[in-house]
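*Asks:* final.cif is reproduced in full below (mmCIF, C-alpha atoms).
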data_start
loop_
_atom_site.label_atom_id
_atom_site.label_comp_id
_atom_site.auth_asym_id
_atom_site.auth_seq_id
_atom_site.Cartn_x
_atom_site.Cartn_y
_atom_site.Cartn_z
CA MET A 1 235.73 4.23 184.15
CA THR A 2 235.87 2.74 180.65
CA PHE A 3 238.82 0.88 179.18
CA PRO A 4 239.75 -0.06 175.61
CA GLN A 5 239.48 -3.76 174.86
CA SER A 6 242.83 -5.42 175.48
CA LEU A 7 244.60 -8.27 177.24
CA LEU A 8 246.10 -8.18 180.72
CA PHE A 9 248.57 -10.94 181.58
CA VAL A 10 249.35 -11.28 185.29
CA PHE A 11 252.27 -13.13 186.79
CA GLY A 12 250.57 -14.03 190.07
CA LEU A 13 246.78 -13.77 189.99
CA GLY A 14 246.36 -12.83 193.63
CA TYR A 15 244.45 -10.42 195.83
CA SER A 16 245.21 -7.10 194.12
CA ALA A 17 245.30 -8.49 190.57
CA LEU A 18 241.88 -10.09 190.92
CA GLN A 19 240.47 -6.80 192.17
CA LEU A 20 241.83 -5.17 189.00
CA SER A 21 240.39 -7.99 186.90
CA GLY A 22 236.98 -7.24 188.38
CA ARG A 23 237.23 -3.75 186.91
CA LEU A 24 238.66 -4.67 183.52
CA ARG A 25 236.68 -7.72 182.46
CA PRO A 26 233.22 -6.04 182.52
CA ALA A 27 234.71 -3.38 180.22
CA GLY A 28 235.72 -5.96 177.59
CA TRP A 29 239.23 -6.86 178.67
CA LYS A 30 240.55 -10.40 178.65
CA VAL A 31 242.56 -11.42 181.69
CA ALA A 32 245.07 -14.27 181.78
CA GLY A 33 247.98 -15.19 183.99
CA THR A 34 249.63 -17.60 186.35
CA VAL A 35 248.72 -19.27 189.63
CA ARG A 36 250.55 -21.84 191.70
CA THR A 37 247.92 -24.58 192.00
CA ALA A 38 245.63 -26.47 189.66
CA ALA A 39 242.71 -25.90 192.02
CA LYS A 40 243.02 -22.13 191.79
CA ALA A 41 243.48 -22.30 188.03
CA ALA A 42 240.24 -24.27 187.69
CA TYR A 43 238.42 -21.83 189.97
CA LEU A 44 239.55 -18.80 187.98
CA LYS A 45 238.83 -20.42 184.63
CA ALA A 46 235.27 -20.96 185.80
CA LEU A 47 235.11 -17.20 186.33
CA GLY A 48 236.36 -16.49 182.82
CA ILE A 49 240.02 -15.83 183.65
CA ASP A 50 242.54 -17.83 181.61
CA ALA A 51 244.73 -19.03 184.46
CA SER A 52 247.58 -21.49 184.04
CA VAL A 53 249.78 -23.18 186.62
CA TRP A 54 253.35 -21.92 186.91
CA THR A 55 255.41 -22.58 190.03
CA GLY A 56 258.16 -20.09 189.25
CA GLU A 57 260.42 -22.37 187.23
CA GLY A 58 260.61 -23.05 183.52
CA PRO A 59 259.44 -20.92 180.59
CA VAL A 60 256.25 -18.87 180.40
CA ASP A 61 254.64 -18.10 177.06
CA VAL A 62 253.00 -14.68 177.16
CA PRO A 63 250.86 -13.45 174.23
CA ALA A 64 252.47 -10.60 172.30
CA GLY A 65 250.90 -7.20 172.82
CA ALA A 66 249.54 -7.92 176.29
CA HIS A 67 249.82 -5.53 179.20
CA TRP A 68 251.98 -7.26 181.81
CA LEU A 69 251.37 -7.05 185.56
CA ILE A 70 253.84 -8.74 187.90
CA THR A 71 252.79 -9.30 191.51
CA LEU A 72 255.14 -12.13 192.50
CA PRO A 73 257.42 -11.75 195.53
CA PRO A 74 261.11 -11.92 194.67
CA GLY A 75 263.63 -14.53 195.73
CA ARG A 76 267.36 -14.20 196.27
CA GLN A 77 267.90 -14.02 192.52
CA GLY A 78 265.22 -11.39 192.06
CA CYS A 79 261.87 -11.79 190.35
CA PRO A 80 261.22 -15.31 189.02
CA ALA A 81 259.07 -13.92 186.21
CA ALA A 82 261.88 -11.62 185.06
CA LEU A 83 264.26 -14.56 184.99
CA ALA A 84 261.80 -16.74 183.06
CA ALA A 85 260.15 -14.25 180.70
CA GLY A 86 262.16 -11.04 180.79
CA ARG A 87 263.37 -11.55 177.23
CA GLN A 88 259.76 -11.35 176.04
CA ALA A 89 259.13 -8.00 177.74
CA GLY A 90 259.91 -6.10 174.56
CA ASN A 91 256.71 -7.53 173.08
CA ALA A 92 254.57 -6.23 175.95
CA ARG A 93 252.20 -3.31 175.55
CA SER A 94 253.24 -2.20 179.03
CA VAL A 95 255.09 -3.71 181.99
CA THR A 96 253.98 -2.94 185.56
CA TYR A 97 255.76 -4.40 188.56
CA LEU A 98 254.22 -4.28 192.04
CA SER A 99 256.96 -3.49 194.51
CA THR A 100 256.95 -2.13 198.06
CA THR A 101 257.74 1.09 199.87
CA GLY A 102 260.04 -1.04 202.00
CA VAL A 103 262.76 -0.29 199.42
CA TYR A 104 263.22 3.13 201.06
CA GLY A 105 264.21 1.67 204.41
CA ASP A 106 263.65 3.58 207.65
CA LEU A 107 263.06 7.33 207.16
CA LYS A 108 262.36 7.99 210.85
CA GLY A 109 258.93 9.39 210.06
CA GLY A 110 260.08 11.35 207.02
CA TRP A 111 258.51 11.38 203.58
CA ALA A 112 259.19 8.89 200.79
CA PHE A 113 258.72 10.51 197.39
CA GLU A 114 258.82 8.76 194.05
CA TRP A 115 262.30 10.17 193.45
CA SER A 116 263.65 9.29 196.90
CA PRO A 117 266.74 7.05 196.83
CA VAL A 118 266.28 3.42 197.76
CA ALA A 119 267.99 2.22 200.92
CA PRO A 120 266.72 -1.29 201.69
CA SER A 121 267.37 -2.36 205.26
CA SER A 122 266.38 -6.02 205.00
CA PRO A 123 267.18 -8.90 202.63
CA ARG A 124 263.53 -8.92 201.55
CA ALA A 125 263.64 -5.25 200.55
CA ALA A 126 267.00 -5.70 198.82
CA ALA A 127 265.44 -8.48 196.74
CA ARG A 128 262.70 -6.04 195.73
CA VAL A 129 265.30 -3.53 194.54
CA LEU A 130 266.98 -6.27 192.50
CA ALA A 131 263.63 -7.24 190.96
CA GLU A 132 262.90 -3.62 190.08
CA THR A 133 266.26 -3.38 188.32
CA GLN A 134 265.58 -6.59 186.41
CA TRP A 135 262.28 -5.24 185.09
CA ARG A 136 263.76 -1.87 184.19
CA ASP A 137 266.42 -3.67 182.17
CA ALA A 138 264.07 -6.22 180.60
CA SER A 139 261.65 -3.51 179.50
CA GLN A 140 264.42 -1.17 178.30
CA GLY A 141 263.37 1.42 180.84
CA ARG A 142 259.63 1.27 180.13
CA ALA A 143 258.64 -0.48 183.35
CA ARG A 144 256.25 1.13 185.78
CA LEU A 145 257.34 0.38 189.35
CA VAL A 146 254.34 0.63 191.66
CA ARG A 147 255.58 0.78 195.23
CA LEU A 148 252.85 -0.15 197.67
CA PRO A 149 252.58 0.31 201.46
CA GLY A 150 250.45 -1.93 203.69
CA ILE A 151 247.44 -3.34 201.80
CA TYR A 152 244.04 -3.80 203.41
CA GLY A 153 240.57 -4.64 202.16
CA PRO A 154 237.81 -7.23 202.51
CA GLY A 155 239.20 -10.30 204.22
CA ARG A 156 242.44 -8.48 205.08
CA SER A 157 241.56 -5.81 207.61
CA PRO A 158 241.68 -5.10 211.35
CA PHE A 159 238.11 -6.43 211.55
CA ASP A 160 239.35 -9.95 210.88
CA ARG A 161 242.02 -9.76 213.57
CA LEU A 162 239.62 -8.23 216.09
CA ARG A 163 237.08 -10.95 215.45
CA ASP A 164 239.56 -13.80 215.80
CA GLY A 165 241.24 -12.27 218.85
CA THR A 166 244.69 -11.72 217.31
CA ALA A 167 244.57 -7.90 217.08
CA GLN A 168 247.07 -5.92 219.13
CA CYS A 169 247.56 -2.24 219.91
CA VAL A 170 251.33 -2.10 219.83
CA ILE A 171 252.65 1.26 221.00
CA LYS A 172 255.91 2.52 219.56
CA PRO A 173 256.10 6.31 220.03
CA GLY A 174 256.25 8.18 216.74
CA GLN A 175 255.51 5.11 214.64
CA VAL A 176 253.35 5.68 211.56
CA PHE A 177 252.52 3.55 208.53
CA SER A 178 251.06 4.35 205.16
CA ARG A 179 248.42 2.02 203.76
CA VAL A 180 246.13 1.53 200.75
CA HIS A 181 242.74 -0.08 200.18
CA VAL A 182 242.82 -2.82 197.56
CA ASP A 183 240.12 -0.98 195.56
CA ASP A 184 242.46 2.00 195.26
CA ILE A 185 245.25 -0.24 194.01
CA ALA A 186 242.89 -1.55 191.33
CA SER A 187 241.81 1.93 190.26
CA GLY A 188 245.43 3.11 190.11
CA LEU A 189 246.51 0.11 188.05
CA GLY A 190 243.49 0.65 185.81
CA ALA A 191 244.68 4.20 185.20
CA LEU A 192 248.17 2.93 184.41
CA VAL A 193 247.08 0.41 181.78
CA GLN A 194 245.32 3.22 179.98
CA ARG A 195 248.63 5.08 179.83
CA PRO A 196 251.25 2.63 178.53
CA GLU A 197 253.55 5.58 177.82
CA ALA A 198 253.84 6.37 181.54
CA THR A 199 257.04 5.02 183.06
CA GLY A 200 258.97 5.18 186.31
CA VAL A 201 257.92 5.00 189.95
CA PHE A 202 254.38 5.46 191.24
CA HIS A 203 253.04 5.27 194.78
CA LEU A 204 249.48 4.07 195.32
CA CYS A 205 248.60 4.92 198.90
CA ASP A 206 246.06 6.90 200.86
CA ASP A 207 246.50 10.48 202.07
CA LEU A 208 247.00 9.83 205.78
CA SER A 209 249.92 8.02 207.36
CA ALA A 210 248.77 6.98 210.82
CA PRO A 211 249.86 5.06 213.93
CA PRO A 212 248.74 1.43 213.64
CA GLN A 213 247.03 1.45 217.04
CA ASP A 214 244.75 4.28 215.86
CA VAL A 215 243.53 2.09 213.00
CA THR A 216 242.85 -0.88 215.27
CA THR A 217 241.04 1.29 217.82
CA PHE A 218 238.85 2.87 215.13
CA ALA A 219 237.97 -0.56 213.72
CA ALA A 220 237.02 -1.77 217.19
CA GLN A 221 234.76 1.25 217.65
CA LEU A 222 232.99 0.46 214.38
CA LEU A 223 232.38 -3.10 215.59
CA GLY A 224 231.20 -1.89 219.00
CA MET A 225 234.07 -3.72 220.69
CA ALA A 226 236.60 -2.61 223.24
CA PRO A 227 240.01 -2.22 221.58
CA PRO A 228 242.83 -4.52 222.69
CA PRO A 229 244.90 -3.18 225.58
CA ASP A 230 247.98 -1.13 224.71
CA ILE A 231 251.21 -3.11 224.60
CA ALA A 232 254.62 -1.47 224.57
CA PHE A 233 256.59 -2.41 221.47
CA GLY A 234 259.33 -4.02 223.52
CA HIS A 235 256.82 -6.39 225.15
CA ALA A 236 254.72 -7.27 222.10
CA GLN A 237 254.68 -10.77 220.71
CA LEU A 238 255.31 -10.10 217.02
CA SER A 239 256.15 -12.35 214.12
CA ASP A 240 259.43 -11.68 212.33
CA MET A 241 257.44 -10.11 209.48
CA ALA A 242 255.48 -7.80 211.80
CA ALA A 243 258.62 -6.82 213.68
CA SER A 244 260.28 -5.87 210.39
CA PHE A 245 257.44 -3.45 209.64
CA TYR A 246 257.91 -1.74 213.01
CA ALA A 247 261.63 -1.39 212.26
CA GLU A 248 260.78 1.22 209.62
CA CYS A 249 258.83 4.46 209.95
CA LYS A 250 257.91 6.60 206.96
CA ARG A 251 255.18 8.62 205.30
CA VAL A 252 254.53 7.92 201.62
CA ALA A 253 253.58 10.61 199.11
CA ASN A 254 251.17 9.88 196.24
CA ALA A 255 251.46 13.17 194.32
CA ARG A 256 252.93 11.69 191.13
CA ALA A 257 250.12 9.17 190.65
CA LYS A 258 247.60 11.94 191.16
CA ALA A 259 249.30 14.32 188.73
CA ALA A 260 250.31 11.86 186.00
CA LEU A 261 247.35 9.48 186.07
CA GLY A 262 244.49 11.65 187.31
CA TRP A 263 244.08 9.05 190.07
CA ARG A 264 242.60 9.78 193.47
CA PRO A 265 242.10 7.27 196.29
CA ALA A 266 238.42 6.57 196.84
CA TYR A 267 239.39 5.99 200.48
CA PRO A 268 241.73 8.89 201.37
CA THR A 269 242.09 7.64 204.95
CA TYR A 270 241.65 4.37 206.78
CA ARG A 271 238.38 5.68 208.22
CA GLU A 272 236.56 5.74 204.88
CA GLY A 273 238.13 2.43 203.89
CA LEU A 274 237.13 0.60 207.04
CA ARG A 275 233.59 1.98 206.96
CA ALA A 276 233.22 0.75 203.36
CA ILE A 277 234.44 -2.75 204.26
CA LEU A 278 232.02 -3.01 207.17
CA THR A 279 229.12 -1.70 205.09
CA ALA A 280 229.84 -4.26 202.37
CA GLN A 281 230.01 -7.06 204.94
CA SER A 282 226.72 -5.98 206.48
CA THR A 283 225.04 -5.84 203.06
CA ALA A 284 226.37 -9.27 202.10
CA SER A 285 225.09 -10.87 205.32
CA SER A 286 221.62 -9.28 205.18
#
For the structure just supplied, provide its representation as structure tokens.
*Replies:*
Amino acid sequence: MTFPQSLLFVFGLGYSALQLSGRLRPAGWKVAGTVRTAAKAAYLKALGIDASVWTGEGPVDVPAGAHWLITLPPGRQGCPAALAAGRQAGNARSVTYLSTTGVYGDLKGGWAFEWSPVAPSSPRAAARVLAETQWRDASQGRARLVRLPGIYGPGRSPFDRLRDGTAQCVIKPGQVFSRVHVDDIASGLGALVQRPEATGVFHLCDDLSAPPQDVTTFAAQLLGMAPPPDIAFGHAQLSDMAASFYAECKRVANARAKAALGWRPAYPTYREGLRAILTAQSTASS
């Protein structure tokens, strides 16, 4: 995929944004943005990314004409970047905010479409809805709201949990999650920056919502390991964050991203995604 030369400014140069940067920079793009520590800023600058330290307070000076990508989690007052720099959004070439499919709440296994009403069922999801509203207002309706399900990829996959012994096969009948490989997030965002006229809600996710225990079991098979024993949901030791995920059950549609952007997930199910991660790890270690 080729991109016109331009500038991407990222509020929060993290996992997904750096994957996008890896696609854009070889095609002539400049990438700049914020991080929270001086050590990470120095590391990214050494890679050719113009990173600056911003802890979420105080002003941020963003070059005019840049494409904006916002990945920061919201607080009680919404998105810190919207509060600090929202008035500059009119000078942006495009504004893309990474949100979450958690804004739909629990659909009891039903489908979340891009036009589905939001119904946040947790303070964290309600903060996301507030942040989305802030960016819609700041951009005068031009914002692209990319709602993401569970993200996995190198360094953030069931392989890591299986290897360190923290993986669980938690059984909650009927429970399914949607998910997306980080490479597919990057390709979807790459398609969006080529179409600054595109606005509204987009879902970047794979084509198969699946029970979480199926994913863990398949990953264990690829590693040649026995999967963890099944644990009933009511007996599982889960963090508050993990428990909140199990409180919601939905399938996420990606038809609008496919139709409007010409995007397709390179990893349409977790099976292709996990195989690719393991192949890359094997190649890197050989």
*Asks:* Do a neighbour search on Arg136 (chain A) at 9 Å with only C-alpha atoms, toss out local chain neighbours closer than 6 positions, and write the hits as a list in words.
*Replies:*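 In the requested format, the answer is Arg142, Ala143, Arg144, Leu145 and Gly200 of chain A.
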*Asks:* For Gly141 (chain A), find every residue with an atom within 12 Å (counting all atoms listed in the file), except residues of its own chain fewer than 4 positions away, and show them as a list in words.
*Replies:*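 Near Gly141 (chain A), the qualifying residues are Ala89, Gly90, Ser94, Val95, Thr96, Glu132, Thr133, Gln134, Trp135, Arg136, Asp137, Leu145, Glu197, Ala198, Thr199, Gly200 and Val201 of chain A.
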*Asks:* Could you list, as an MDAnalysis selection string, every residue matched by the PyMOL selection byres ((chain A and resi 82) around 12) in this structure?
*Replies:* chainID A and resid 11 56:60 68:75 77:81 83:89 95:97 130:139 143
*Asks:* Could you check the closest approach to Ala27 (chain A) for each of A:Ala127, A:Pro211, A:Ser52, A:Leu7 and tell me which residue wins, using all atoms listed in the file?
*Replies:* A:Leu7
*Asks:* If you measure from CA of Ser282 (chain A) to CA of Gln213 (chain A), what distance in Å do you get, rounded to one decimal?
*Replies:* 24.1 Å
*Asks:* Give me the result of the PyMOL selection byres ((chain A and resi 272-281) around 12) on this file, residue by residue, as an MDAnalysis selection string.
*Replies:* chainID A and resid 151:160 179:184 205:208 215:224 265:271 282:286
*Asks:* With C-alpha atoms kept, could you save the residues just selected as an mmCIF file, in the frame of the given file?
*Replies:*
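Produced file result_25.cif, reproduced below:
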data_model
loop_
_atom_site.group_PDB
_atom_site.id
_atom_site.type_symbol
_atom_site.label_atom_id
_atom_site.label_comp_id
_atom_site.auth_asym_id
_atom_site.auth_seq_id
_atom_site.Cartn_x
_atom_site.Cartn_y
_atom_site.Cartn_z
ATOM 1 C CA ILE A 151 247.440 -3.340 201.800
ATOM 2 C CA TYR A 152 244.040 -3.800 203.410
ATOM 3 C CA GLY A 153 240.570 -4.640 202.160
ATOM 4 C CA PRO A 154 237.810 -7.230 202.510
ATOM 5 C CA GLY A 155 239.200 -10.300 204.220
ATOM 6 C CA ARG A 156 242.440 -8.480 205.080
ATOM 7 C CA SER A 157 241.560 -5.810 207.610
ATOM 8 C CA PRO A 158 241.680 -5.100 211.350
ATOM 9 C CA PHE A 159 238.110 -6.430 211.550
ATOM 10 C CA ASP A 160 239.350 -9.950 210.880
ATOM 11 C CA ARG A 179 248.420 2.020 203.760
ATOM 12 C CA VAL A 180 246.130 1.530 200.750
ATOM 13 C CA HIS A 181 242.740 -0.080 200.180
ATOM 14 C CA VAL A 182 242.820 -2.820 197.560
ATOM 15 C CA ASP A 183 240.120 -0.980 195.560
ATOM 16 C CA ASP A 184 242.460 2.000 195.260
ATOM 17 C CA CYS A 205 248.600 4.920 198.900
ATOM 18 C CA ASP A 206 246.060 6.900 200.860
ATOM 19 C CA ASP A 207 246.500 10.480 202.070
ATOM 20 C CA LEU A 208 247.000 9.830 205.780
ATOM 21 C CA VAL A 215 243.530 2.090 213.000
ATOM 22 C CA THR A 216 242.850 -0.880 215.270
ATOM 23 C CA THR A 217 241.040 1.290 217.820
ATOM 24 C CA PHE A 218 238.850 2.870 215.130
ATOM 25 C CA ALA A 219 237.970 -0.560 213.720
ATOM 26 C CA ALA A 220 237.020 -1.770 217.190
ATOM 27 C CA GLN A 221 234.760 1.250 217.650
ATOM 28 C CA LEU A 222 232.990 0.460 214.380
ATOM 29 C CA LEU A 223 232.380 -3.100 215.590
ATOM 30 C CA GLY A 224 231.200 -1.890 219.000
ATOM 31 C CA PRO A 265 242.100 7.270 196.290
ATOM 32 C CA ALA A 266 238.420 6.570 196.840
ATOM 33 C CA TYR A 267 239.390 5.990 200.480
ATOM 34 C CA PRO A 268 241.730 8.890 201.370
ATOM 35 C CA THR A 269 242.090 7.640 204.950
ATOM 36 C CA TYR A 270 241.650 4.370 206.780
ATOM 37 C CA ARG A 271 238.380 5.680 208.220
ATOM 38 C CA SER A 282 226.720 -5.980 206.480
ATOM 39 C CA THR A 283 225.040 -5.840 203.060
ATOM 40 C CA ALA A 284 226.370 -9.270 202.100
ATOM 41 C CA SER A 285 225.090 -10.870 205.320
ATOM 42 C CA SER A 286 221.620 -9.280 205.180
#
*Asks:* What gap, in Å, lies between CA of Leu13 (chain A) and CA of Leu44 (chain A)?
*Replies:*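 These atoms are spaced 9.0 Å apart.
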*Asks:* Just to confirm, what's the straight-line distance from CA of Trp111 (chain A) to CA of His203 (chain A) in Å (one decimal)?
*Replies:*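 CA of Trp111 (chain A) sits 12.0 Å away from CA of His203 (chain A).
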*Asks:* Identify the residues within 12 Å of coordinate (241.8, -12.8, 190.7) (same frame as the file), considering all atoms listed in the file, and give the answer as a count of residues only.
*Replies:* 37
*Asks:* Given all atoms listed in the file as the basis, pick out the residue of A:Gln175, A:Gln194, A:Ser209, A:Asn91 nearest to Glu248 (chain A).
*Replies:*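 For Glu248 (chain A), the nearest of the given residues is A:Gln175.
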*Asks:* To verify the selection step, state as a PyMOL selection string which residues the PyMOL selection byres ((chain A and resi 188) around 9) yields on this input.
*Replies:* chain A and resi 183-187+189-193+204+257+261+263-265
*Asks:* Take the residues that were just selected and, keeping C-alpha atoms, output them as a PDB file, in the coordinates of the input.
*Replies:*
ATOM      1  CA  ASP A 183     240.120  -0.980 195.560  1.00  0.00           C
ATOM      2  CA  ASP A 184     242.460   2.000 195.260  1.00  0.00           C
ATOM      3  CA  ILE A 185     245.250  -0.240 194.010  1.00  0.00           C
ATOM      4  CA  ALA A 186     242.890  -1.550 191.330  1.00  0.00           C
ATOM      5  CA  SER A 187     241.810   1.930 190.260  1.00  0.00           C
ATOM      6  CA  LEU A 189     246.510   0.110 188.050  1.00  0.00           C
ATOM      7  CA  GLY A 190     243.490   0.650 185.810  1.00  0.00           C
ATOM      8  CA  ALA A 191     244.680   4.200 185.200  1.00  0.00           C
ATOM      9  CA  LEU A 192     248.170   2.930 184.410  1.00  0.00           C
ATOM     10  CA  VAL A 193     247.080   0.410 181.780  1.00  0.00           C
ATOM     11  CA  LEU A 204     249.480   4.070 195.320  1.00  0.00           C
ATOM     12  CA  ALA A 257     250.120   9.170 190.650  1.00  0.00           C
ATOM     13  CA  LEU A 261     247.350   9.480 186.070  1.00  0.00           C
ATOM     14  CA  TRP A 263     244.080   9.050 190.070  1.00  0.00           C
ATOM     15  CA  ARG A 264     242.600   9.780 193.470  1.00  0.00           C
ATOM     16  CA  PRO A 265     242.100   7.270 196.290  1.00  0.00           C
TER      17      PRO A 265
END
*Asks:* Restricting the calculation to all atoms listed in the file, which member of A:Val252, A:Ile171, A:Met241, A:Ala259 is positioned closest to Arg124 (chain A)?
*Replies:*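 With all atoms listed in the file as the atom set, the closest residue is A:Met241.
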*Asks:* Please identify all polymer residues within 10 Å of Pro120 (chain A), counting only C-alpha atoms, omitting same-chain residues fewer than 5 positions from it, and present them as a list in words.
*Replies:* Thr101, Gly102, Val103, Tyr104, Gly105, Asp106, Ala125, Ala126, Ala127, Arg128 and Val129 of chain A
*Asks:* For each of A:Val62, A:Leu107, A:Leu98, A:Val118, take the minimum atom-to-atom distance to Val146 (chain A), counting all atoms listed in the file, then give the residue where this is smallest.
*Replies:*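 The closest residue to Val146 (chain A) is A:Leu98.
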*Asks:* Please check which residues have atoms at most 8 Å from (249.3, -3.7, 174.6) in the file's coordinates, counting only C-alpha atoms, and write them as a PyMOL selection string.
*Replies:* chain A and resi 6-7+64-67+92-94+196
